[in-house]
Amino acid sequence: MTDIALISQLLGALTQPNTETIRVAELALKPMLKDPRSVASLLTVLKTTEQPSIRHVAAVVLRKRVASHFKMFDAGTKMYVKNEILDILRTEPERTVRHGVAAVAAELATIEIGSAGGGGNWPELFQFISVAANPSNPNADARELGFFLLSEMTESIAENMKDQLPGMAQLYASALTLDTPDKVQQTALRALGSIIAYISEPDEGSSDIVGTHYAPLIPSLLAVANQCRNRGDEETVNMALDVLYDLAYSPSGGVAPHIPLIVQFALSCLVDENLDNGVRDSAALVIATLAEAKPKTLGKSGCIDAIVETLFNLIENSDESAAGALFESNPAWNEDDENEEDVDLDDSPTATSMAQGTLDMLACELPKKYIFGPVVSRCVARLSSPHANHRKAGIACLGVIAEGCAEPLREYLPDVMAHVFSAAADSDAQVRECACFCLGQLSEHCQPEILSYSSQILPIVFALLDDTNAQVQTTSCYVLEMFCERLEPAGVRPLLDPLVRKLAAMLEGATKRSVQEMAVAALAATAVAAEDEFIPYISGVANLMLKLMTLREEKMYTLRGRALECMGHIAIAVGKEPFRPYFTATMQCACEGLQWESTDLHEFAYAVFANLSKVMGPDFSPILGELVPHLVKVIATDEGQLETTEEEKESQFNLLDDSDEEDEASNYVFNVRTALFESKKGAITAIGEMASYCGASYVPYIEVSMQVLQNACKNWHPMIRCQAAEALPCMVIPTIAANHDGEISWEKGDISGPSPMSVQTSAVAEAVLTELLSLMDDDSKDTVGKACEGVQRVIELCGPHALLPIANECLQKTFDLLSRKGRCQESEDGYEEDAPDDEQDHDSFMTSVCDLVGSFCRVMGDHFVQYIPQFLRVICTYIKSSRPPSDRSMAMGCLGEIAQEMGSAIADQWQPVFLPAILAGFVDEDDNVKRNSAFAAGMCCEGLGGQITSYYPQILQAISPLFLVDTTKSDYSAACVDNAAAAVSRMILTSPEHVPISQVLPFVLRSLPLKSDFTENETVYRCLLTLLEIDHPDAVSSKTDIRRIFQDACAEDSKVDEDLKRKLASALSLL
């Protein structure tokens, strides 16, 4: 038997449905295929064998082996192989075989194009493709083959034939017509998608190929895709959506004019119930991606109303729960559903989940001027509808946008809350459930303004805990968890006893694990809100938790972890001594969970370690030797692993690969274990808290902790880098405890003498600041914010000597961030001009940047004077009336801190900068801006002294309306009056002769006691004490009012600190 006949026979064996037969054939073929002559044999089989199945296998095997042999052939043999391949492609009648041979051609093209570029070593292949794919070719099979070849050769073409890409766009366009055969359309679309995915990110300095040559194909592509949708060709529709997804991410400006058409097509797919939900979800993803990658362009496109209306329609036309997003990620809820009869367990995306996910992305990414109005107006309209499904959609969508539109929602919270309260009392269970969901979202994202509604929210939620619908009950627990986390004891006190009893009864009586988990979380949040008022309930609640902490079934791990978490929150609430009896049992449970293969239990344990180290302080130290090595190991763990690629797993005849000659690395992918991220984050938090609160006992662990944190700062995931930035400053604290009795004594701006830091403290501070400085260049805004907070914390702990080595670089990076030129601020709409101010939404991390400027003043002192003009220039850009309220209040607060720390050094900037900014702030529509303007005014008067007394009449006239602000509106409104009173008090203390005390003192007295900003107690009471000491006639005539005010301030429950109370009590005796 000839070699060709034997190879043909063995290839035939590979087609048999018998694993052993295939294995034997593979073993026999492998040594034969190492012979370069096997290439010619396989080509002969492809040309002469009658059975299509054997020809197909021959093509598959040839693709696996041809590359290694081809590189060794001489020029004549290479030409022979290439000509044979082309000949087979011309004559092969079977589609599967043609595609197999096309894959061989693509393999050879990779070698030939790579070596010569432009197809120079195989021009015949591109001539073949040009003729085959030409629209004038009547042979649809040939046209399809041409585009299939282009699809297989995407990488080679994109990397080595860029100059051919513009011309190829016309070839793709020729197939995107309505009269093109279906299979040609489909293959051309696949090839187009492949090439666009490769070239959507242009090389630096290269022309915009996508915008100039491929974006113009979008209308034709959409016409074909619509035709395919109408005829039910889901595969092609999905390919088209994949292409649109890549185009949405492309920075090319050529895509923008086509956004209305793209959105129109995506919406038509999204609402098409004839399409599979996976295809519809891909359409939703296109819209979400446009919002993420091109927020301003999409906002200006005129499409937002149509998108929002479609999303609302999807939610209201569905009978699904619109609060489902709350439970989708909760395994307990899913398992509870599995135990219910008549529950559809299909986990594919639903119309409601697609709509809510898309709306959430729009709210988070688009400038608020484009999205807030269209959504809220529809919410309000739906909430007044007689149809329950409409009301469900209205209140659910209000909850969905709470995160992304938190700032404008805070501004309109009184109006919004009226609708939410009404929905919470709705007759329909789904509306009530969504009202709870909305309350929870507002409680989470609209802090602290939402807290002023505690007297209304808590009774409503308390009543809903008794709802007959389990999901309403569970969602009510979620509201309690979100709302109570920042509530003061006074807020929860009226309902504390019945609330604890109700939640405990729910926990004991619930049959659904999801209800138990949410009840435990709500109990934990209630404890945090109640603080030491929770002490009477420790025993009962702790006993419930201790029972749950003994659960050992895997499906109960999350409930066990929630109970453990609750114990940590109770510890935070009640303090060390009341919690001490439960400390050992809680730690034993946490450490036991570390022995089990459950990342969930590990996360809960790390959170408990963090909380208990904070509460127990040095008493936690004995366990450091056991815990720190474990936590360090977790942080150092690689969160990815190499796994065989799906293509490799599904590939046929893997024994026939060139495995013994070639590197197998390409057969693997790096698979990320996402569950490990949360564990690492928790472990980083834990070592940070242990370092902060265990004092000098942590010193032996600083070096190893620093090593893993420095590595974590380079982690590819922003969540890990952000957490590392938060933990790094904590490493300085143990050295301060060990070497400086817990505090470094440093002088503002004093760098002339020796450093007050020990050698160890200096080394740790330098290492920490170096890492944080690097993270200020991170591409994640959250990480940059934490890095700025970390720098502030370290330099305020250690003083100017710690800042000195990095001062210039740190100042420059801070200035760049204020100038919106940081790496994390690079525009996602890269082709657009800088957006107008009313399109610039507030970046919360910028508050940390501004706080760092205040810290520079506090630490550097007079050394910062030279930088004041340039920093003021960029800070004042945030004060303009066109900026969001949070920007304006942030910038005014920063001006106040600069004035507070720099004193008379700002004299040159008073008239051109501070005065106009303060006067504008006094008439701002936002109470928080007014509040910070009053603070800045007071600090300027105090710091500049007699230099600005001539401006007192102007300041007093402008500040007087602030005393009329309704203090019940919000905390900011109350703080506005508090800071106005403090500003006037500072003016009186600085230069009483320039203040008409008879006119202003009544305003100050009426504002007392302070309602929100208790840090100003010292200022206002010191003012009154001073006036009394000098027997000022206006103070003497107001003794009755002052006596009453002092008596209130000395009361046990007042917010005045003890030292000040003693001074006031002494004054009272004289009054």
# chains A, B, ... in the order shown; residues from 1 in each chain; ligands from 1
>>> closest_atom_pairs(of="range 539-567 of chain A", to="range 571-577 of chain A", cutoff="12 Å", atoms="only C-alpha atoms", output="Markdown table")
| residue | atom | partner | partner_atom | distance |
| --- | --- | --- | --- | --- |
| A:Ser539 | CA | A:Val574 | CA | 12.0 |
| A:Ala542 | CA | A:Ala571 | CA | 10.4 |
| A:Leu564 | CA | A:Ala571 | CA | 10.9 |
| A:Glu565 | CA | A:Ala571 | CA | 10.0 |
| A:Cys566 | CA | A:Ala571 | CA | 8.6 |
| A:Met567 | CA | A:Ala571 | CA | 6.2 |
>>> select_by_dssp(residues="range 641-830 of chain A", states="strand (DSSP E)", output="tab-separated table (two decimals) with all heavy atoms, in the first residue's frame")
chain	number	residue	atom	x	y	z
A	641	GLN	N	-5.49	31.73	36.33
A	641	GLN	CA	-4.81	30.47	36.06
A	641	GLN	C	-4.94	30.15	34.58
A	641	GLN	O	-5.89	30.54	33.92
A	641	GLN	CB	-5.41	29.35	36.90
A	641	GLN	CG	-6.89	29.11	36.67
A	641	GLN	CD	-7.46	28.15	37.70
A	641	GLN	OE1	-6.90	27.96	38.76
A	641	GLN	NE2	-8.59	27.55	37.37
A	642	LEU	N	-3.94	29.43	34.05
A	642	LEU	CA	-3.98	29.01	32.66
A	642	LEU	C	-4.95	27.85	32.49
A	642	LEU	O	-4.92	26.89	33.25
A	642	LEU	CB	-2.59	28.60	32.18
A	642	LEU	CG	-1.59	29.74	31.96
A	642	LEU	CD1	-0.23	29.16	31.60
A	642	LEU	CD2	-2.06	30.67	30.87
A	643	GLU	N	-5.82	27.99	31.49
A	643	GLU	CA	-6.74	26.91	31.17
A	643	GLU	C	-6.73	26.70	29.66
A	643	GLU	O	-6.48	27.62	28.88
A	643	GLU	CB	-8.15	27.24	31.65
A	643	GLU	CG	-8.28	27.27	33.16
A	643	GLU	CD	-9.71	27.46	33.61
A	643	GLU	OE1	-10.59	27.61	32.73
A	643	GLU	OE2	-9.96	27.44	34.82
A	644	THR	N	-7.05	25.48	29.26
A	644	THR	CA	-7.13	25.17	27.84
A	644	THR	C	-8.22	26.01	27.19
A	644	THR	O	-9.31	26.17	27.74
A	644	THR	CB	-7.44	23.67	27.63
A	644	THR	OG1	-6.50	22.91	28.37
A	644	THR	CG2	-7.38	23.31	26.17
A	668	TYR	N	-3.61	27.93	25.47
A	668	TYR	CA	-4.16	28.20	26.78
A	668	TYR	C	-4.61	29.66	26.88
A	668	TYR	O	-4.12	30.53	26.16
A	668	TYR	CB	-3.14	27.91	27.88
A	668	TYR	CG	-2.76	26.44	27.97
A	668	TYR	CD1	-1.71	25.93	27.20
A	668	TYR	CD2	-3.45	25.58	28.81
A	668	TYR	CE1	-1.37	24.59	27.26
A	668	TYR	CE2	-3.11	24.25	28.88
A	668	TYR	CZ	-2.07	23.75	28.11
A	668	TYR	OH	-1.74	22.43	28.18
A	669	VAL	N	-5.56	29.89	27.76
A	669	VAL	CA	-5.97	31.26	28.07
A	669	VAL	C	-5.81	31.48	29.56
A	669	VAL	O	-5.81	30.54	30.35
A	669	VAL	CB	-7.44	31.52	27.67
A	669	VAL	CG1	-7.59	31.51	26.19
A	669	VAL	CG2	-8.39	30.51	28.32
A	670	PHE	N	-5.70	32.77	29.93
A	670	PHE	CA	-5.58	33.12	31.35
A	670	PHE	C	-6.99	33.35	31.87
A	670	PHE	O	-7.66	34.32	31.49
A	670	PHE	CB	-4.74	34.39	31.48
A	670	PHE	CG	-4.38	34.71	32.90
A	670	PHE	CD1	-3.46	33.95	33.59
A	670	PHE	CD2	-4.96	35.79	33.54
A	670	PHE	CE1	-3.12	34.25	34.89
A	670	PHE	CE2	-4.63	36.10	34.85
A	670	PHE	CZ	-3.70	35.32	35.52
A	671	ASN	N	-7.46	32.46	32.72
A	671	ASN	CA	-8.81	32.55	33.25
A	671	ASN	C	-8.79	33.22	34.62
A	671	ASN	O	-8.06	32.80	35.51
A	671	ASN	CB	-9.42	31.15	33.36
A	671	ASN	CG	-10.87	31.21	33.80
A	671	ASN	OD1	-11.66	31.96	33.25
A	671	ASN	ND2	-11.22	30.43	34.81
A	672	VAL	N	-9.58	34.27	34.78
A	672	VAL	CA	-9.60	35.03	36.02
A	672	VAL	C	-10.66	34.47	36.96
A	672	VAL	O	-11.81	34.30	36.59
A	672	VAL	CB	-9.90	36.52	35.73
A	672	VAL	CG1	-9.99	37.30	37.03
A	672	VAL	CG2	-8.82	37.11	34.83
>>> closest_residue(among="A:Tyr478, A:Ala169, A:Ser194, A:Arg432", to="Ala215 in chain A", atoms="only C-alpha atoms")
A:Ala169
>>> residues_around(residues="Gly373 in chain A", least_positions_apart="6", cutoff="12 Å", atoms="only C-alpha atoms", output="number ranges by chain")
A: 304-305, 308, 363, 367, 379-380, 398, 401, 405, 408-409, 412
>>> residues_around(residues="range 462-467 of chain A", least_positions_apart="4", cutoff="8 Å", atoms="only C-alpha atoms", output="list in words")
Leu458, Val472, Gln473, Thr474, Ser476, Cys477, Leu499 and Lys502 of chain A
>>> write_last_selection(atoms="all heavy atoms", output="CSV table (one decimal), in the first residue's frame")
chain,number,residue,atom,x,y,z
A,458,LEU,N,-39.1,55.0,58.2
A,458,LEU,CA,-39.1,53.9,59.1
A,458,LEU,C,-40.4,53.3,59.4
A,458,LEU,O,-40.6,52.1,59.4
A,458,LEU,CB,-38.3,54.2,60.4
A,458,LEU,CG,-36.8,54.4,60.3
A,458,LEU,CD1,-36.1,54.8,61.6
A,458,LEU,CD2,-36.2,53.1,59.8
A,472,VAL,N,-41.9,41.6,49.1
A,472,VAL,CA,-42.0,43.0,49.7
A,472,VAL,C,-41.3,43.0,51.0
A,472,VAL,O,-40.6,43.9,51.4
A,472,VAL,CB,-43.5,43.3,49.8
A,472,VAL,CG1,-43.6,44.7,50.6
A,472,VAL,CG2,-44.1,43.5,48.4
A,473,GLN,N,-41.5,41.9,51.8
A,473,GLN,CA,-40.9,41.8,53.1
A,473,GLN,C,-39.3,41.9,53.0
A,473,GLN,O,-38.6,42.6,53.7
A,473,GLN,CB,-41.2,40.5,53.8
A,473,GLN,CG,-42.6,40.3,54.3
A,473,GLN,CD,-42.8,39.0,55.0
A,473,GLN,OE1,-42.1,38.0,54.7
A,473,GLN,NE2,-43.8,39.0,55.9
A,474,THR,N,-38.8,41.1,52.0
A,474,THR,CA,-37.4,41.0,51.9
A,474,THR,C,-36.8,42.3,51.4
A,474,THR,O,-35.8,42.8,51.8
A,474,THR,CB,-37.0,39.9,50.9
A,474,THR,OG1,-37.8,38.7,51.2
A,474,THR,CG2,-35.6,39.6,50.9
A,476,SER,N,-38.0,45.2,52.0
A,476,SER,CA,-38.1,46.1,53.1
A,476,SER,C,-36.9,46.0,54.0
A,476,SER,O,-36.3,46.9,54.5
A,476,SER,CB,-39.4,45.8,54.0
A,476,SER,OG,-40.5,45.9,53.2
A,477,CYS,N,-36.4,44.7,54.2
A,477,CYS,CA,-35.2,44.5,54.9
A,477,CYS,C,-34.0,45.2,54.2
A,477,CYS,O,-33.1,45.8,54.9
A,477,CYS,CB,-34.9,43.0,55.1
A,477,CYS,SG,-36.0,42.1,56.1
A,499,LEU,N,-38.8,47.2,66.2
A,499,LEU,CA,-38.0,46.9,65.0
A,499,LEU,C,-37.2,45.6,65.2
A,499,LEU,O,-37.1,44.7,64.4
A,499,LEU,CB,-37.2,48.0,64.5
A,499,LEU,CG,-36.5,47.9,63.1
A,499,LEU,CD1,-37.5,47.7,62.0
A,499,LEU,CD2,-35.7,49.2,62.8
A,502,LYS,N,-39.3,42.6,65.6
A,502,LYS,CA,-40.0,42.2,64.3
A,502,LYS,C,-38.9,41.5,63.5
A,502,LYS,O,-39.2,40.4,62.9
A,502,LYS,CB,-40.5,43.5,63.6
A,502,LYS,CG,-41.0,43.2,62.2
A,502,LYS,CD,-42.5,42.9,62.3
A,502,LYS,CE,-43.3,44.1,62.6
A,502,LYS,NZ,-44.7,43.9,62.6
>>> closest_residue(among="A:Leu709, A:Leu728, A:Leu601, A:Leu624", to="Ser697 in chain A", atoms="only C-alpha atoms")
A:Leu624
>>> residues_around(residues="Cys941 in chain A", least_positions_apart="5", cutoff="10 Å", atoms="only C-alpha atoms", output="ChimeraX atom specification")
/A:899-900,903-904,936,946-949,951-952,955,983-984,986-991
>>> select_by_dssp(residues="range 144-186 of chain A", states="helix (DSSP H, G or I)", output="JSON, numbers by chain")
{"A": [144, 145, 146, 147, 148, 149, 150, 151, 152, 154, 155, 156, 157, 158, 159, 160, 162, 163, 164, 165, 166, 167, 168, 169, 170, 171, 172, 173, 174, 175, 182, 183, 184, 185, 186]}
>>> write_last_selection(atoms="N, CA and C atoms", output="tab-separated table (two decimals), in the first residue's frame")
chain	number	residue	atom	x	y	z
A	144	GLU	N	-19.07	33.53	-1.29
A	144	GLU	CA	-19.01	33.21	0.13
A	144	GLU	C	-17.61	32.78	0.52
A	145	LEU	N	-16.97	31.96	-0.31
A	145	LEU	CA	-15.62	31.48	-0.03
A	145	LEU	C	-14.63	32.64	0.05
A	146	GLY	N	-14.79	33.62	-0.84
A	146	GLY	CA	-13.90	34.79	-0.81
A	146	GLY	C	-13.95	35.52	0.51
A	147	PHE	N	-15.17	35.75	1.01
A	147	PHE	CA	-15.31	36.45	2.28
A	147	PHE	C	-14.89	35.56	3.46
A	148	PHE	N	-15.10	34.25	3.32
A	148	PHE	CA	-14.66	33.35	4.37
A	148	PHE	C	-13.14	33.40	4.51
A	149	LEU	N	-12.45	33.45	3.37
A	149	LEU	CA	-10.99	33.57	3.39
A	149	LEU	C	-10.57	34.86	4.08
A	150	LEU	N	-11.25	35.97	3.77
A	150	LEU	CA	-10.91	37.24	4.42
A	150	LEU	C	-11.13	37.16	5.93
A	151	SER	N	-12.20	36.49	6.34
A	151	SER	CA	-12.48	36.33	7.77
A	151	SER	C	-11.38	35.54	8.46
A	152	GLU	N	-10.93	34.44	7.81
A	152	GLU	CA	-9.89	33.59	8.39
A	152	GLU	C	-8.54	34.31	8.44
A	154	THR	N	-8.03	37.58	8.99
A	154	THR	CA	-8.19	38.91	9.59
A	154	THR	C	-6.90	39.42	10.23
A	155	GLU	N	-6.31	38.61	11.08
A	155	GLU	CA	-5.13	39.06	11.83
A	155	GLU	C	-3.99	39.41	10.89
A	156	SER	N	-3.74	38.56	9.90
A	156	SER	CA	-2.64	38.81	8.96
A	156	SER	C	-2.87	40.09	8.17
A	157	ILE	N	-4.10	40.28	7.71
A	157	ILE	CA	-4.41	41.48	6.92
A	157	ILE	C	-4.28	42.73	7.77
A	158	ALA	N	-4.87	42.70	8.98
A	158	ALA	CA	-4.87	43.89	9.84
A	158	ALA	C	-3.47	44.30	10.25
A	159	GLU	N	-2.59	43.31	10.44
A	159	GLU	CA	-1.26	43.62	10.94
A	159	GLU	C	-0.25	43.91	9.82
A	160	ASN	N	-0.48	43.34	8.65
A	160	ASN	CA	0.55	43.43	7.60
A	160	ASN	C	0.11	44.10	6.31
A	162	LYS	N	-2.16	47.03	6.08
A	162	LYS	CA	-2.99	48.19	6.42
A	162	LYS	C	-3.30	49.05	5.20
A	163	ASP	N	-2.35	49.12	4.28
A	163	ASP	CA	-2.57	49.96	3.11
A	163	ASP	C	-3.67	49.43	2.20
A	164	GLN	N	-4.03	48.14	2.37
A	164	GLN	CA	-5.08	47.55	1.55
A	164	GLN	C	-6.47	47.71	2.17
A	165	LEU	N	-6.50	48.10	3.45
A	165	LEU	CA	-7.78	48.13	4.17
A	165	LEU	C	-8.80	49.11	3.56
A	166	PRO	N	-8.40	50.31	3.12
A	166	PRO	CA	-9.40	51.20	2.52
A	166	PRO	C	-10.08	50.57	1.29
A	167	GLY	N	-9.29	49.97	0.42
A	167	GLY	CA	-9.86	49.35	-0.77
A	167	GLY	C	-10.76	48.17	-0.44
A	168	MET	N	-10.40	47.42	0.58
A	168	MET	CA	-11.20	46.26	0.96
A	168	MET	C	-12.58	46.66	1.46
A	169	ALA	N	-12.71	47.90	1.98
A	169	ALA	CA	-14.01	48.34	2.47
A	169	ALA	C	-15.05	48.28	1.36
A	170	GLN	N	-14.63	48.61	0.13
A	170	GLN	CA	-15.57	48.56	-1.00
A	170	GLN	C	-16.00	47.14	-1.32
A	171	LEU	N	-15.09	46.21	-1.11
A	171	LEU	CA	-15.44	44.81	-1.34
A	171	LEU	C	-16.51	44.36	-0.34
A	172	TYR	N	-16.33	44.75	0.94
A	172	TYR	CA	-17.35	44.42	1.93
A	172	TYR	C	-18.68	45.10	1.58
A	173	ALA	N	-18.59	46.35	1.15
A	173	ALA	CA	-19.81	47.09	0.81
A	173	ALA	C	-20.59	46.39	-0.29
A	174	SER	N	-19.88	45.76	-1.22
A	174	SER	CA	-20.55	45.11	-2.36
A	174	SER	C	-21.44	43.95	-1.92
A	175	ALA	N	-21.13	43.37	-0.74
A	175	ALA	CA	-21.94	42.25	-0.26
A	175	ALA	C	-23.07	42.71	0.65
A	182	ASP	N	-28.12	35.18	0.84
A	182	ASP	CA	-28.07	35.17	2.30
A	182	ASP	C	-26.71	34.74	2.83
A	183	LYS	N	-26.20	33.62	2.30
A	183	LYS	CA	-24.95	33.09	2.86
A	183	LYS	C	-23.77	34.01	2.57
A	184	VAL	N	-23.84	34.77	1.49
A	184	VAL	CA	-22.77	35.73	1.19
A	184	VAL	C	-22.86	36.90	2.15
A	185	GLN	N	-24.10	37.39	2.38
A	185	GLN	CA	-24.30	38.46	3.35
A	185	GLN	C	-23.73	38.07	4.71
A	186	GLN	N	-24.09	36.87	5.15
A	186	GLN	CA	-23.70	36.41	6.48
A	186	GLN	C	-22.18	36.31	6.62
>>> atom_distance(atom1="CA of Val461 in chain A", atom2="CA of Ala424 in chain A")
8.5 Å
>>> closest_residue(among="A:Leu1010, A:Cys730, A:Ile570, A:Met79", to="Asn611 in chain A", atoms="only C-alpha atoms")
A:Ile570
>>> residues_around(residues="Ala907 in chain A", least_positions_apart="6", cutoff="12 Å", atoms="only C-alpha atoms", output="ChimeraX atom specification")
/A:865,868-869,898-899,913-915,940-948
>>> decode(residues="range 619-638 of chain A", atoms="N, CA and C atoms", output="PDB file, in the first residue's frame")
ATOM      1  N   ASP A 619      -6.228  44.521  72.295  1.00  0.00           N
ATOM      2  CA  ASP A 619      -6.668  43.196  72.762  1.00  0.00           C
ATOM      3  C   ASP A 619      -6.783  42.207  71.605  1.00  0.00           C
ATOM      4  N   PHE A 620      -6.770  42.720  70.401  1.00  0.00           N
ATOM      5  CA  PHE A 620      -6.834  41.854  69.226  1.00  0.00           C
ATOM      6  C   PHE A 620      -5.446  41.315  68.862  1.00  0.00           C
ATOM      7  N   SER A 621      -4.411  41.933  69.396  1.00  0.00           N
ATOM      8  CA  SER A 621      -3.033  41.652  68.982  1.00  0.00           C
ATOM      9  C   SER A 621      -2.595  40.196  69.107  1.00  0.00           C
ATOM     10  N   PRO A 622      -3.019  39.448  70.141  1.00  0.00           N
ATOM     11  CA  PRO A 622      -2.517  38.073  70.268  1.00  0.00           C
ATOM     12  C   PRO A 622      -2.770  37.174  69.062  1.00  0.00           C
ATOM     13  N   ILE A 623      -3.761  37.507  68.257  1.00  0.00           N
ATOM     14  CA  ILE A 623      -4.075  36.635  67.125  1.00  0.00           C
ATOM     15  C   ILE A 623      -3.387  37.088  65.835  1.00  0.00           C
ATOM     16  N   LEU A 624      -2.635  38.194  65.898  1.00  0.00           N
ATOM     17  CA  LEU A 624      -1.973  38.699  64.688  1.00  0.00           C
ATOM     18  C   LEU A 624      -1.024  37.662  64.090  1.00  0.00           C
ATOM     19  N   GLY A 625      -0.300  36.950  64.943  1.00  0.00           N
ATOM     20  CA  GLY A 625       0.676  35.977  64.453  1.00  0.00           C
ATOM     21  C   GLY A 625       0.052  34.891  63.617  1.00  0.00           C
ATOM     22  N   GLU A 626      -1.197  34.586  63.878  1.00  0.00           N
ATOM     23  CA  GLU A 626      -1.902  33.560  63.097  1.00  0.00           C
ATOM     24  C   GLU A 626      -2.567  34.161  61.859  1.00  0.00           C
ATOM     25  N   LEU A 627      -3.140  35.353  62.011  1.00  0.00           N
ATOM     26  CA  LEU A 627      -3.942  35.922  60.927  1.00  0.00           C
ATOM     27  C   LEU A 627      -3.123  36.609  59.840  1.00  0.00           C
ATOM     28  N   VAL A 628      -2.131  37.406  60.232  1.00  0.00           N
ATOM     29  CA  VAL A 628      -1.414  38.201  59.225  1.00  0.00           C
ATOM     30  C   VAL A 628      -0.779  37.322  58.141  1.00  0.00           C
ATOM     31  N   PRO A 629      -0.072  36.229  58.481  1.00  0.00           N
ATOM     32  CA  PRO A 629       0.488  35.383  57.409  1.00  0.00           C
ATOM     33  C   PRO A 629      -0.579  34.846  56.456  1.00  0.00           C
ATOM     34  N   HIS A 630      -1.753  34.488  57.017  1.00  0.00           N
ATOM     35  CA  HIS A 630      -2.834  34.007  56.162  1.00  0.00           C
ATOM     36  C   HIS A 630      -3.309  35.112  55.217  1.00  0.00           C
ATOM     37  N   LEU A 631      -3.530  36.303  55.758  1.00  0.00           N
ATOM     38  CA  LEU A 631      -4.026  37.414  54.938  1.00  0.00           C
ATOM     39  C   LEU A 631      -3.010  37.816  53.870  1.00  0.00           C
ATOM     40  N   VAL A 632      -1.750  37.823  54.251  1.00  0.00           N
ATOM     41  CA  VAL A 632      -0.690  38.159  53.295  1.00  0.00           C
ATOM     42  C   VAL A 632      -0.668  37.150  52.149  1.00  0.00           C
ATOM     43  N   LYS A 633      -0.844  35.886  52.478  1.00  0.00           N
ATOM     44  CA  LYS A 633      -0.866  34.832  51.457  1.00  0.00           C
ATOM     45  C   LYS A 633      -2.043  35.035  50.493  1.00  0.00           C
ATOM     46  N   VAL A 634      -3.202  35.394  51.045  1.00  0.00           N
ATOM     47  CA  VAL A 634      -4.378  35.626  50.200  1.00  0.00           C
ATOM     48  C   VAL A 634      -4.142  36.797  49.260  1.00  0.00           C
ATOM     49  N   ILE A 635      -3.589  37.881  49.792  1.00  0.00           N
ATOM     50  CA  ILE A 635      -3.346  39.075  48.965  1.00  0.00           C
ATOM     51  C   ILE A 635      -2.337  38.776  47.858  1.00  0.00           C
ATOM     52  N   ALA A 636      -1.376  37.903  48.172  1.00  0.00           N
ATOM     53  CA  ALA A 636      -0.338  37.574  47.187  1.00  0.00           C
ATOM     54  C   ALA A 636      -0.792  36.525  46.181  1.00  0.00           C
ATOM     55  N   THR A 637      -1.937  35.890  46.413  1.00  0.00           N
ATOM     56  CA  THR A 637      -2.410  34.823  45.528  1.00  0.00           C
ATOM     57  C   THR A 637      -2.712  35.376  44.142  1.00  0.00           C
ATOM     58  N   ASP A 638      -2.302  34.631  43.121  1.00  0.00           N
ATOM     59  CA  ASP A 638      -2.600  35.003  41.750  1.00  0.00           C
ATOM     60  C   ASP A 638      -4.063  34.694  41.474  1.00  0.00           C
TER      61      ASP A 638
END
